[in-house]
file work_27.pdb (PDB, N, CA and C atoms and all ligand atoms)
ATOM      1  N   MET A   1     -15.680  -0.554  15.891  1.00  0.00           N
ATOM      2  CA  MET A   1     -14.623  -0.344  14.903  1.00  0.00           C
ATOM      3  C   MET A   1     -13.750   0.838  15.303  1.00  0.00           C
ATOM      4  N   LEU A   2     -12.494   0.733  14.997  1.00  0.00           N
ATOM      5  CA  LEU A   2     -11.561   1.781  15.368  1.00  0.00           C
ATOM      6  C   LEU A   2     -11.765   3.035  14.523  1.00  0.00           C
ATOM      7  N   ARG A   3     -11.494   4.139  15.133  1.00  0.00           N
ATOM      8  CA  ARG A   3     -11.522   5.383  14.375  1.00  0.00           C
ATOM      9  C   ARG A   3     -10.405   5.338  13.334  1.00  0.00           C
ATOM     10  N   LYS A   4     -10.710   5.834  12.154  1.00  0.00           N
ATOM     11  CA  LYS A   4      -9.704   5.776  11.088  1.00  0.00           C
ATOM     12  C   LYS A   4      -8.612   6.797  11.336  1.00  0.00           C
ATOM     13  N   ASN A   5      -7.384   6.378  11.216  1.00  0.00           N
ATOM     14  CA  ASN A   5      -6.307   7.356  11.171  1.00  0.00           C
ATOM     15  C   ASN A   5      -5.296   6.910  10.137  1.00  0.00           C
ATOM     16  N   LYS A   6      -4.251   7.691   9.970  1.00  0.00           N
ATOM     17  CA  LYS A   6      -3.357   7.441   8.845  1.00  0.00           C
ATOM     18  C   LYS A   6      -2.554   6.167   8.984  1.00  0.00           C
ATOM     19  N   ASN A   7      -2.502   5.593  10.179  1.00  0.00           N
ATOM     20  CA  ASN A   7      -1.784   4.334  10.353  1.00  0.00           C
ATOM     21  C   ASN A   7      -2.680   3.113  10.217  1.00  0.00           C
ATOM     22  N   HIS A   8      -3.925   3.355   9.956  1.00  0.00           N
ATOM     23  CA  HIS A   8      -4.844   2.236   9.845  1.00  0.00           C
ATOM     24  C   HIS A   8      -4.848   1.662   8.439  1.00  0.00           C
ATOM     25  N   ARG A   9      -4.967   0.333   8.395  1.00  0.00           N
ATOM     26  CA  ARG A   9      -5.051  -0.359   7.109  1.00  0.00           C
ATOM     27  C   ARG A   9      -6.174  -1.367   7.196  1.00  0.00           C
ATOM     28  N   ARG A  10      -6.598  -1.861   6.023  1.00  0.00           N
ATOM     29  CA  ARG A  10      -7.714  -2.789   5.971  1.00  0.00           C
ATOM     30  C   ARG A  10      -7.244  -4.125   5.400  1.00  0.00           C
ATOM     31  N   CYS A  11      -7.633  -5.192   6.044  1.00  0.00           N
ATOM     32  CA  CYS A  11      -7.314  -6.531   5.538  1.00  0.00           C
ATOM     33  C   CYS A  11      -8.094  -6.783   4.250  1.00  0.00           C
ATOM     34  N   ILE A  12      -7.404  -7.269   3.227  1.00  0.00           N
ATOM     35  CA  ILE A  12      -8.082  -7.482   1.949  1.00  0.00           C
ATOM     36  C   ILE A  12      -9.034  -8.673   2.001  1.00  0.00           C
ATOM     37  N   SER A  13      -8.913  -9.516   3.020  1.00  0.00           N
ATOM     38  CA  SER A  13      -9.789 -10.686   3.108  1.00  0.00           C
ATOM     39  C   SER A  13     -11.012 -10.448   3.974  1.00  0.00           C
ATOM     40  N   CYS A  14     -10.815  -9.989   5.205  1.00  0.00           N
ATOM     41  CA  CYS A  14     -11.953  -9.865   6.120  1.00  0.00           C
ATOM     42  C   CYS A  14     -12.387  -8.420   6.337  1.00  0.00           C
ATOM     43  N   ASN A  15     -11.653  -7.466   5.725  1.00  0.00           N
ATOM     44  CA  ASN A  15     -11.987  -6.042   5.823  1.00  0.00           C
ATOM     45  C   ASN A  15     -11.814  -5.459   7.219  1.00  0.00           C
ATOM     46  N   ARG A  16     -11.144  -6.207   8.084  1.00  0.00           N
ATOM     47  CA  ARG A  16     -10.877  -5.678   9.413  1.00  0.00           C
ATOM     48  C   ARG A  16      -9.927  -4.486   9.287  1.00  0.00           C
ATOM     49  N   ILE A  17     -10.208  -3.436  10.046  1.00  0.00           N
ATOM     50  CA  ILE A  17      -9.338  -2.263  10.049  1.00  0.00           C
ATOM     51  C   ILE A  17      -8.550  -2.256  11.347  1.00  0.00           C
ATOM     52  N   ALA A  18      -7.252  -2.067  11.227  1.00  0.00           N
ATOM     53  CA  ALA A  18      -6.403  -2.020  12.409  1.00  0.00           C
ATOM     54  C   ALA A  18      -5.132  -1.270  12.052  1.00  0.00           C
ATOM     55  N   ASP A  19      -4.314  -1.064  13.064  1.00  0.00           N
ATOM     56  CA  ASP A  19      -3.045  -0.410  12.827  1.00  0.00           C
ATOM     57  C   ASP A  19      -2.213  -1.244  11.861  1.00  0.00           C
ATOM     58  N   ARG A  20      -1.490  -0.589  10.989  1.00  0.00           N
ATOM     59  CA  ARG A  20      -0.719  -1.292   9.949  1.00  0.00           C
ATOM     60  C   ARG A  20       0.259  -2.316  10.514  1.00  0.00           C
ATOM     61  N   GLN A  21       0.717  -2.065  11.760  1.00  0.00           N
ATOM     62  CA  GLN A  21       1.662  -2.993  12.400  1.00  0.00           C
ATOM     63  C   GLN A  21       1.076  -4.389  12.581  1.00  0.00           C
ATOM     64  N   GLN A  22      -0.248  -4.464  12.627  1.00  0.00           N
ATOM     65  CA  GLN A  22      -0.897  -5.738  12.923  1.00  0.00           C
ATOM     66  C   GLN A  22      -1.082  -6.618  11.692  1.00  0.00           C
ATOM     67  N   PHE A  23      -0.715  -6.089  10.541  1.00  0.00           N
ATOM     68  CA  PHE A  23      -0.927  -6.852   9.311  1.00  0.00           C
ATOM     69  C   PHE A  23       0.390  -7.254   8.658  1.00  0.00           C
ATOM     70  N   TRP A  24       0.277  -8.280   7.824  1.00  0.00           N
ATOM     71  CA  TRP A  24       1.350  -8.531   6.873  1.00  0.00           C
ATOM     72  C   TRP A  24       1.161  -7.564   5.721  1.00  0.00           C
ATOM     73  N   ARG A  25       2.280  -7.125   5.169  1.00  0.00           N
ATOM     74  CA  ARG A  25       2.207  -6.212   4.034  1.00  0.00           C
ATOM     75  C   ARG A  25       2.843  -6.876   2.821  1.00  0.00           C
ATOM     76  N   ILE A  26       2.129  -6.858   1.721  1.00  0.00           N
ATOM     77  CA  ILE A  26       2.637  -7.390   0.465  1.00  0.00           C
ATOM     78  C   ILE A  26       2.688  -6.234  -0.520  1.00  0.00           C
ATOM     79  N   ILE A  27       3.833  -6.083  -1.160  1.00  0.00           N
ATOM     80  CA  ILE A  27       4.043  -4.899  -1.990  1.00  0.00           C
ATOM     81  C   ILE A  27       4.330  -5.284  -3.436  1.00  0.00           C
ATOM     82  N   ARG A  28       3.680  -4.584  -4.344  1.00  0.00           N
ATOM     83  CA  ARG A  28       4.054  -4.663  -5.753  1.00  0.00           C
ATOM     84  C   ARG A  28       4.937  -3.450  -6.022  1.00  0.00           C
ATOM     85  N   ASN A  29       6.217  -3.720  -6.158  1.00  0.00           N
ATOM     86  CA  ASN A  29       7.180  -2.629  -6.193  1.00  0.00           C
ATOM     87  C   ASN A  29       7.147  -1.856  -7.502  1.00  0.00           C
ATOM     88  N   TYR A  30       7.473  -0.611  -7.358  1.00  0.00           N
ATOM     89  CA  TYR A  30       7.538   0.296  -8.480  1.00  0.00           C
ATOM     90  C   TYR A  30       8.996   0.478  -8.885  1.00  0.00           C
ATOM     91  N   PRO A  31       9.344   0.435 -10.158  1.00  0.00           N
ATOM     92  CA  PRO A  31       8.466   0.184 -11.307  1.00  0.00           C
ATOM     93  C   PRO A  31       8.521  -1.249 -11.838  1.00  0.00           C
ATOM     94  N   GLU A  32       9.281  -2.126 -11.172  1.00  0.00           N
ATOM     95  CA  GLU A  32       9.516  -3.458 -11.763  1.00  0.00           C
ATOM     96  C   GLU A  32       8.346  -4.418 -11.567  1.00  0.00           C
ATOM     97  N   HIS A  33       7.424  -4.059 -10.680  1.00  0.00           N
ATOM     98  CA  HIS A  33       6.283  -4.918 -10.392  1.00  0.00           C
ATOM     99  C   HIS A  33       6.684  -6.223  -9.727  1.00  0.00           C
ATOM    100  N   GLN A  34       7.841  -6.230  -9.105  1.00  0.00           N
ATOM    101  CA  GLN A  34       8.213  -7.444  -8.378  1.00  0.00           C
ATOM    102  C   GLN A  34       7.532  -7.420  -7.022  1.00  0.00           C
ATOM    103  N   ILE A  35       7.117  -8.611  -6.560  1.00  0.00           N
ATOM    104  CA  ILE A  35       6.338  -8.696  -5.324  1.00  0.00           C
ATOM    105  C   ILE A  35       7.268  -8.988  -4.152  1.00  0.00           C
ATOM    106  N   THR A  36       7.145  -8.198  -3.105  1.00  0.00           N
ATOM    107  CA  THR A  36       7.952  -8.439  -1.907  1.00  0.00           C
ATOM    108  C   THR A  36       7.068  -8.381  -0.662  1.00  0.00           C
ATOM    109  N   LEU A  37       7.619  -8.886   0.430  1.00  0.00           N
ATOM    110  CA  LEU A  37       6.929  -8.840   1.712  1.00  0.00           C
ATOM    111  C   LEU A  37       7.592  -7.808   2.619  1.00  0.00           C
ATOM    112  N   ASP A  38       6.776  -7.131   3.400  1.00  0.00           N
ATOM    113  CA  ASP A  38       7.221  -6.234   4.472  1.00  0.00           C
ATOM    114  C   ASP A  38       7.855  -4.936   3.980  1.00  0.00           C
ATOM    115  N   ASN A  39       8.828  -5.062   3.090  1.00  0.00           N
ATOM    116  CA  ASN A  39       9.539  -3.867   2.653  1.00  0.00           C
ATOM    117  C   ASN A  39       9.403  -3.673   1.151  1.00  0.00           C
ATOM    118  N   GLY A  40       9.221  -2.416   0.790  1.00  0.00           N
ATOM    119  CA  GLY A  40       9.136  -2.115  -0.621  1.00  0.00           C
ATOM    120  C   GLY A  40       8.409  -0.805  -0.827  1.00  0.00           C
ATOM    121  N   MET A  41       8.388  -0.367  -2.071  1.00  0.00           N
ATOM    122  CA  MET A  41       7.735   0.886  -2.408  1.00  0.00           C
ATOM    123  C   MET A  41       6.806   0.645  -3.573  1.00  0.00           C
ATOM    124  N   GLY A  42       5.547   0.948  -3.347  1.00  0.00           N
ATOM    125  CA  GLY A  42       4.593   0.770  -4.426  1.00  0.00           C
ATOM    126  C   GLY A  42       3.230   0.409  -3.871  1.00  0.00           C
ATOM    127  N   ARG A  43       2.390  -0.169  -4.718  1.00  0.00           N
ATOM    128  CA  ARG A  43       1.044  -0.561  -4.287  1.00  0.00           C
ATOM    129  C   ARG A  43       1.133  -1.665  -3.241  1.00  0.00           C
ATOM    130  N   SER A  44       0.410  -1.517  -2.158  1.00  0.00           N
ATOM    131  CA  SER A  44       0.514  -2.476  -1.062  1.00  0.00           C
ATOM    132  C   SER A  44      -0.837  -3.084  -0.720  1.00  0.00           C
ATOM    133  N   ALA A  45      -0.778  -4.319  -0.238  1.00  0.00           N
ATOM    134  CA  ALA A  45      -1.968  -4.983   0.285  1.00  0.00           C
ATOM    135  C   ALA A  45      -1.657  -5.456   1.698  1.00  0.00           C
ATOM    136  N   TYR A  46      -2.695  -5.508   2.521  1.00  0.00           N
ATOM    137  CA  TYR A  46      -2.515  -5.899   3.926  1.00  0.00           C
ATOM    138  C   TYR A  46      -3.410  -7.081   4.244  1.00  0.00           C
ATOM    139  N   ILE A  47      -2.843  -8.019   5.000  1.00  0.00           N
ATOM    140  CA  ILE A  47      -3.596  -9.220   5.391  1.00  0.00           C
ATOM    141  C   ILE A  47      -3.356  -9.498   6.867  1.00  0.00           C
ATOM    142  N   CYS A  48      -4.407  -9.921   7.570  1.00  0.00           N
ATOM    143  CA  CYS A  48      -4.255 -10.367   8.950  1.00  0.00           C
ATOM    144  C   CYS A  48      -3.317 -11.576   8.961  1.00  0.00           C
ATOM    145  N   PRO A  49      -2.446 -11.666   9.939  1.00  0.00           N
ATOM    146  CA  PRO A  49      -1.535 -12.817  10.037  1.00  0.00           C
ATOM    147  C   PRO A  49      -2.256 -14.052  10.569  1.00  0.00           C
ATOM    148  N   GLN A  50      -3.208 -14.544   9.807  1.00  0.00           N
ATOM    149  CA  GLN A  50      -3.916 -15.755  10.217  1.00  0.00           C
ATOM    150  C   GLN A  50      -4.356 -16.563   8.998  1.00  0.00           C
ATOM    151  N   ALA A  51      -4.517 -17.864   9.223  1.00  0.00           N
ATOM    152  CA  ALA A  51      -4.777 -18.805   8.129  1.00  0.00           C
ATOM    153  C   ALA A  51      -6.026 -18.448   7.339  1.00  0.00           C
ATOM    154  N   GLN A  52      -7.076 -18.060   8.049  1.00  0.00           N
ATOM    155  CA  GLN A  52      -8.346 -17.776   7.388  1.00  0.00           C
ATOM    156  C   GLN A  52      -8.203 -16.678   6.326  1.00  0.00           C
ATOM    157  N   CYS A  53      -7.530 -15.613   6.696  1.00  0.00           N
ATOM    158  CA  CYS A  53      -7.390 -14.486   5.775  1.00  0.00           C
ATOM    159  C   CYS A  53      -6.407 -14.803   4.653  1.00  0.00           C
ATOM    160  N   LEU A  54      -5.352 -15.501   4.980  1.00  0.00           N
ATOM    161  CA  LEU A  54      -4.383 -15.876   3.958  1.00  0.00           C
ATOM    162  C   LEU A  54      -5.022 -16.818   2.943  1.00  0.00           C
ATOM    163  N   ASN A  55      -5.786 -17.753   3.444  1.00  0.00           N
ATOM    164  CA  ASN A  55      -6.468 -18.709   2.584  1.00  0.00           C
ATOM    165  C   ASN A  55      -7.403 -18.008   1.596  1.00  0.00           C
ATOM    166  N   LEU A  56      -8.194 -17.080   2.103  1.00  0.00           N
ATOM    167  CA  LEU A  56      -9.115 -16.325   1.242  1.00  0.00           C
ATOM    168  C   LEU A  56      -8.360 -15.522   0.187  1.00  0.00           C
ATOM    169  N   ALA A  57      -7.320 -14.862   0.610  1.00  0.00           N
ATOM    170  CA  ALA A  57      -6.545 -14.026  -0.304  1.00  0.00           C
ATOM    171  C   ALA A  57      -5.956 -14.863  -1.430  1.00  0.00           C
ATOM    172  N   GLN A  58      -5.595 -16.103  -1.102  1.00  0.00           N
ATOM    173  CA  GLN A  58      -4.982 -16.987  -2.087  1.00  0.00           C
ATOM    174  C   GLN A  58      -6.032 -17.669  -2.961  1.00  0.00           C
ATOM    175  N   LYS A  59      -7.013 -18.283  -2.342  1.00  0.00           N
ATOM    176  CA  LYS A  59      -8.003 -19.063  -3.084  1.00  0.00           C
ATOM    177  C   LYS A  59      -8.848 -18.190  -4.008  1.00  0.00           C
ATOM    178  N   LYS A  60      -9.228 -17.031  -3.513  1.00  0.00           N
ATOM    179  CA  LYS A  60     -10.078 -16.146  -4.309  1.00  0.00           C
ATOM    180  C   LYS A  60      -9.241 -15.183  -5.150  1.00  0.00           C
ATOM    181  N   LYS A  61      -7.943 -15.403  -5.146  1.00  0.00           N
ATOM    182  CA  LYS A  61      -7.010 -14.542  -5.893  1.00  0.00           C
ATOM    183  C   LYS A  61      -7.213 -13.063  -5.564  1.00  0.00           C
ATOM    184  N   ARG A  62      -7.583 -12.821  -4.327  1.00  0.00           N
ATOM    185  CA  ARG A  62      -7.858 -11.451  -3.943  1.00  0.00           C
ATOM    186  C   ARG A  62      -6.576 -10.620  -3.919  1.00  0.00           C
ATOM    187  N   LEU A  63      -5.503 -11.287  -3.533  1.00  0.00           N
ATOM    188  CA  LEU A  63      -4.235 -10.569  -3.449  1.00  0.00           C
ATOM    189  C   LEU A  63      -3.783 -10.106  -4.832  1.00  0.00           C
ATOM    190  N   SER A  64      -3.847 -10.999  -5.812  1.00  0.00           N
ATOM    191  CA  SER A  64      -3.418 -10.577  -7.150  1.00  0.00           C
ATOM    192  C   SER A  64      -4.346  -9.522  -7.732  1.00  0.00           C
ATOM    193  N   ARG A  65      -5.624  -9.591  -7.357  1.00  0.00           N
ATOM    194  CA  ARG A  65      -6.549  -8.587  -7.873  1.00  0.00           C
ATOM    195  C   ARG A  65      -6.249  -7.223  -7.274  1.00  0.00           C
ATOM    196  N   VAL A  66      -6.012  -7.197  -5.971  1.00  0.00           N
ATOM    197  CA  VAL A  66      -5.738  -5.922  -5.312  1.00  0.00           C
ATOM    198  C   VAL A  66      -4.429  -5.320  -5.818  1.00  0.00           C
ATOM    199  N   LEU A  67      -3.436  -6.178  -6.008  1.00  0.00           N
ATOM    200  CA  LEU A  67      -2.131  -5.664  -6.444  1.00  0.00           C
ATOM    201  C   LEU A  67      -2.026  -5.569  -7.957  1.00  0.00           C
ATOM    202  N   LYS A  68      -3.025  -6.081  -8.659  1.00  0.00           N
ATOM    203  CA  LYS A  68      -3.005  -6.099 -10.117  1.00  0.00           C
ATOM    204  C   LYS A  68      -1.695  -6.709 -10.621  1.00  0.00           C
ATOM    205  N   ALA A  69      -1.375  -7.886 -10.074  1.00  0.00           N
ATOM    206  CA  ALA A  69      -0.131  -8.565 -10.459  1.00  0.00           C
ATOM    207  C   ALA A  69      -0.249 -10.044 -10.113  1.00  0.00           C
ATOM    208  N   GLN A  70       0.556 -10.857 -10.803  1.00  0.00           N
ATOM    209  CA  GLN A  70       0.649 -12.267 -10.447  1.00  0.00           C
ATOM    210  C   GLN A  70       1.446 -12.373  -9.155  1.00  0.00           C
ATOM    211  N   ILE A  71       0.972 -13.218  -8.243  1.00  0.00           N
ATOM    212  CA  ILE A  71       1.696 -13.408  -6.988  1.00  0.00           C
ATOM    213  C   ILE A  71       2.505 -14.713  -7.107  1.00  0.00           C
ATOM    214  N   PRO A  72       3.833 -14.627  -7.015  1.00  0.00           N
ATOM    215  CA  PRO A  72       4.640 -15.846  -7.120  1.00  0.00           C
ATOM    216  C   PRO A  72       4.300 -16.813  -5.985  1.00  0.00           C
ATOM    217  N   PRO A  73       4.303 -18.120  -6.271  1.00  0.00           N
ATOM    218  CA  PRO A  73       3.978 -19.114  -5.237  1.00  0.00           C
ATOM    219  C   PRO A  73       4.874 -18.985  -4.003  1.00  0.00           C
ATOM    220  N   GLU A  74       6.112 -18.539  -4.198  1.00  0.00           N
ATOM    221  CA  GLU A  74       7.039 -18.400  -3.058  1.00  0.00           C
ATOM    222  C   GLU A  74       6.510 -17.412  -2.025  1.00  0.00           C
ATOM    223  N   ILE A  75       5.801 -16.406  -2.497  1.00  0.00           N
ATOM    224  CA  ILE A  75       5.261 -15.412  -1.564  1.00  0.00           C
ATOM    225  C   ILE A  75       4.249 -16.081  -0.623  1.00  0.00           C
ATOM    226  N   TYR A  76       3.356 -16.873  -1.213  1.00  0.00           N
ATOM    227  CA  TYR A  76       2.388 -17.582  -0.374  1.00  0.00           C
ATOM    228  C   TYR A  76       3.091 -18.581   0.534  1.00  0.00           C
ATOM    229  N   GLN A  77       4.087 -19.271  -0.017  1.00  0.00           N
ATOM    230  CA  GLN A  77       4.830 -20.239   0.798  1.00  0.00           C
ATOM    231  C   GLN A  77       5.448 -19.568   2.014  1.00  0.00           C
ATOM    232  N   GLN A  78       6.027 -18.393   1.784  1.00  0.00           N
ATOM    233  CA  GLN A  78       6.656 -17.689   2.909  1.00  0.00           C
ATOM    234  C   GLN A  78       5.632 -17.286   3.957  1.00  0.00           C
ATOM    235  N   LEU A  79       4.464 -16.853   3.499  1.00  0.00           N
ATOM    236  CA  LEU A  79       3.436 -16.445   4.463  1.00  0.00           C
ATOM    237  C   LEU A  79       2.906 -17.645   5.243  1.00  0.00           C
ATOM    238  N   TRP A  80       2.679 -18.759   4.536  1.00  0.00           N
ATOM    239  CA  TRP A  80       2.227 -19.963   5.257  1.00  0.00           C
ATOM    240  C   TRP A  80       3.291 -20.425   6.236  1.00  0.00           C
ATOM    241  N   GLN A  81       4.528 -20.276   5.833  1.00  0.00           N
ATOM    242  CA  GLN A  81       5.636 -20.659   6.717  1.00  0.00           C
ATOM    243  C   GLN A  81       5.608 -19.844   8.016  1.00  0.00           C
ATOM    244  N   ARG A  82       5.282 -18.560   7.887  1.00  0.00           N
ATOM    245  CA  ARG A  82       5.230 -17.717   9.085  1.00  0.00           C
ATOM    246  C   ARG A  82       4.206 -18.212  10.089  1.00  0.00           C
ATOM    247  N   LEU A  83       3.127 -18.797   9.574  1.00  0.00           N
ATOM    248  CA  LEU A  83       2.078 -19.276  10.470  1.00  0.00           C
ATOM    249  C   LEU A  83       2.505 -20.529  11.221  1.00  0.00           C
ATOM    250  N   THR A  84       3.413 -21.293  10.641  1.00  0.00           N
ATOM    251  CA  THR A  84       3.830 -22.522  11.292  1.00  0.00           C
ATOM    252  C   THR A  84       5.070 -22.342  12.150  1.00  0.00           C
ATOM    253  N   ASP A  85       5.742 -21.187  12.000  1.00  0.00           N
ATOM    254  CA  ASP A  85       6.955 -20.947  12.795  1.00  0.00           C
ATOM    255  C   ASP A  85       6.630 -20.755  14.280  1.00  0.00           C
TER     256      ASP A  85
HETATM  257 ZN    ZN B 101      -8.285 -10.392   7.828  1.00  0.00          ZN
END
call {"tool": "encode", "arguments": {"input": "work_27.pdb", "output": "structure tokens"}}
result
Amino acid sequence: MLRKNKNHRRCISCNRIADRQQFWRIIRNYPEHQITLDNGMGRSAYICPQAQCLNLAQKKKRLSRVLKAQIPPEIYQQLWQRLTD
């Protein structure tokens, strides 16, 4: 496992720790609580850019639990789209 530093983040699905650049970032923005990808300010969740982790985050509602917010279906659609691009 990598040594922890300030650029390291943890995948909410598989708990893998890696540099933040290696993950997708989902943000619950402050103060409107609107959910965005990649850019935003507020509570953030990180997921490995792979089907297995995305599937877990969605099926087990792990993403909404971590962000304490409803995740709009479009957000998942966009992430699944990235995997097929
Ligand atoms: Zn993962």
call {"tool": "residues_near_ligand", "arguments": {"input": "work_27.pdb", "ligand": "ligand ZN 101 (chain B)", "cutoff": "8 Å", "atoms": "only C-alpha atoms and all ligand atoms", "output": "PyMOL selection string"}}
result
chain A and resi 10-16+47-50+52-54
call {"tool": "atom_distance", "arguments": {"input": "work_27.pdb", "atom1": "atom N of Leu63 in chain A", "atom2": "atom C of Thr36 in chain A"}}
result
13.2 Å
call {"tool": "closest_residue", "arguments": {"input": "work_27.pdb", "among": "A:Ile35, A:Ile17, A:Ile27, A:Ala51", "to": "Pro72 in chain A", "atoms": "only C-alpha atoms"}}
result
A:Ile35
call {"tool": "atom_distance", "arguments": {"input": "work_27.pdb", "atom1": "CA of Arg82 in chain A", "atom2": "CA of Asn7 in chain A"}}
result
23.2 Å
call {"tool": "resolve_selection", "arguments": {"input": "work_27.pdb", "expression": "the PyMOL selection byres (((chain A and resi 26 and name CA) around 12) and not hetatm and name CA)", "output": "JSON, numbers by chain"}}
result
{"A": [11, 12, 20, 23, 24, 25, 27, 28, 29, 33, 34, 35, 36, 37, 38, 39, 40, 41, 42, 43, 44, 45, 46, 47, 48, 49, 54, 57, 63, 64, 66, 67, 69, 71, 72, 75, 76, 78, 79]}
call {"tool": "atom_distance", "arguments": {"input": "work_27.pdb", "atom1": "CA of Gln21 in chain A", "atom2": "CA of Arg62 in chain A"}}
result
20.7 Å
call {"tool": "select_by_dssp", "arguments": {"input": "work_27.pdb", "residues": "range 5-82 of chain A", "states": "strand (DSSP E)", "output": "PyMOL selection string"}}
result
chain A and resi 8-10+17-19+24-29+35-37+42-47
call {"tool": "axis_aligned_box", "arguments": {"input": "work_27.pdb", "around": "range 19-25 of chain A", "padding_each_side": "5 Å", "output": "lines of an AutoDock Vina configuration file"}}
result
center_x = -0.7
center_y = -4.5
center_z = 7.9
size_x = 17.2
size_y = 18.1
size_z = 20.2
call {"tool": "select_by_dssp", "arguments": {"input": "work_27.pdb", "residues": "chain A", "states": "helix (DSSP H, G or I)", "output": "NGL selection string"}}
result
:A and (20-22 or 51-59 or 62-67 or 73-84)
call {"tool": "decode", "arguments": {"input": "work_27.pdb", "residues": "range 40-59 of chain A", "atoms": "N, CA and C atoms", "output": "CSV table (one decimal), in the first residue's frame"}}
result
chain,number,residue,atom,x,y,z
A,40,GLY,N,-15.9,21.2,-8.4
A,40,GLY,CA,-16.9,21.7,-7.4
A,40,GLY,C,-16.2,21.9,-6.1
A,41,MET,N,-17.0,22.4,-5.1
A,41,MET,CA,-16.5,22.7,-3.8
A,41,MET,C,-17.4,22.1,-2.8
A,42,GLY,N,-16.9,21.2,-2.0
A,42,GLY,CA,-17.8,20.7,-1.0
A,42,GLY,C,-17.4,19.2,-0.6
A,43,ARG,N,-18.3,18.5,-0.1
A,43,ARG,CA,-17.9,17.1,0.3
A,43,ARG,C,-17.7,16.3,-1.0
A,44,SER,N,-16.6,15.5,-1.0
A,44,SER,CA,-16.3,14.8,-2.2
A,44,SER,C,-16.2,13.3,-2.0
A,45,ALA,N,-16.5,12.5,-3.0
A,45,ALA,CA,-16.2,11.1,-3.0
A,45,ALA,C,-15.4,10.7,-4.2
A,46,TYR,N,-14.6,9.6,-4.0
A,46,TYR,CA,-13.7,9.2,-5.1
A,46,TYR,C,-14.0,7.8,-5.4
A,47,ILE,N,-13.9,7.5,-6.7
A,47,ILE,CA,-14.2,6.1,-7.2
A,47,ILE,C,-13.2,5.8,-8.3
A,48,CYS,N,-12.7,4.5,-8.3
A,48,CYS,CA,-11.8,4.1,-9.3
A,48,CYS,C,-12.6,4.1,-10.7
A,49,PRO,N,-12.0,4.5,-11.7
A,49,PRO,CA,-12.6,4.6,-13.0
A,49,PRO,C,-12.8,3.2,-13.6
A,50,GLN,N,-13.6,2.3,-13.0
A,50,GLN,CA,-13.8,1.0,-13.5
A,50,GLN,C,-15.2,0.5,-13.1
A,51,ALA,N,-15.7,-0.4,-13.9
A,51,ALA,CA,-17.1,-0.9,-13.8
A,51,ALA,C,-17.4,-1.4,-12.4
A,52,GLN,N,-16.4,-2.2,-11.9
A,52,GLN,CA,-16.7,-2.9,-10.7
A,52,GLN,C,-16.9,-1.9,-9.5
A,53,CYS,N,-16.1,-0.9,-9.5
A,53,CYS,CA,-16.3,0.1,-8.4
A,53,CYS,C,-17.5,1.0,-8.6
A,54,LEU,N,-17.8,1.3,-9.8
A,54,LEU,CA,-18.9,2.1,-10.1
A,54,LEU,C,-20.2,1.4,-9.8
A,55,ASN,N,-20.2,0.1,-10.2
A,55,ASN,CA,-21.4,-0.7,-9.9
A,55,ASN,C,-21.7,-0.8,-8.4
A,56,LEU,N,-20.6,-1.1,-7.6
A,56,LEU,CA,-20.8,-1.2,-6.2
A,56,LEU,C,-21.3,0.1,-5.6
A,57,ALA,N,-20.8,1.2,-6.0
A,57,ALA,CA,-21.1,2.5,-5.5
A,57,ALA,C,-22.6,2.8,-5.8
A,58,GLN,N,-23.1,2.3,-6.9
A,58,GLN,CA,-24.5,2.6,-7.3
A,58,GLN,C,-25.4,1.6,-6.7
A,59,LYS,N,-25.1,0.3,-6.8
A,59,LYS,CA,-26.0,-0.7,-6.3
A,59,LYS,C,-26.2,-0.7,-4.8
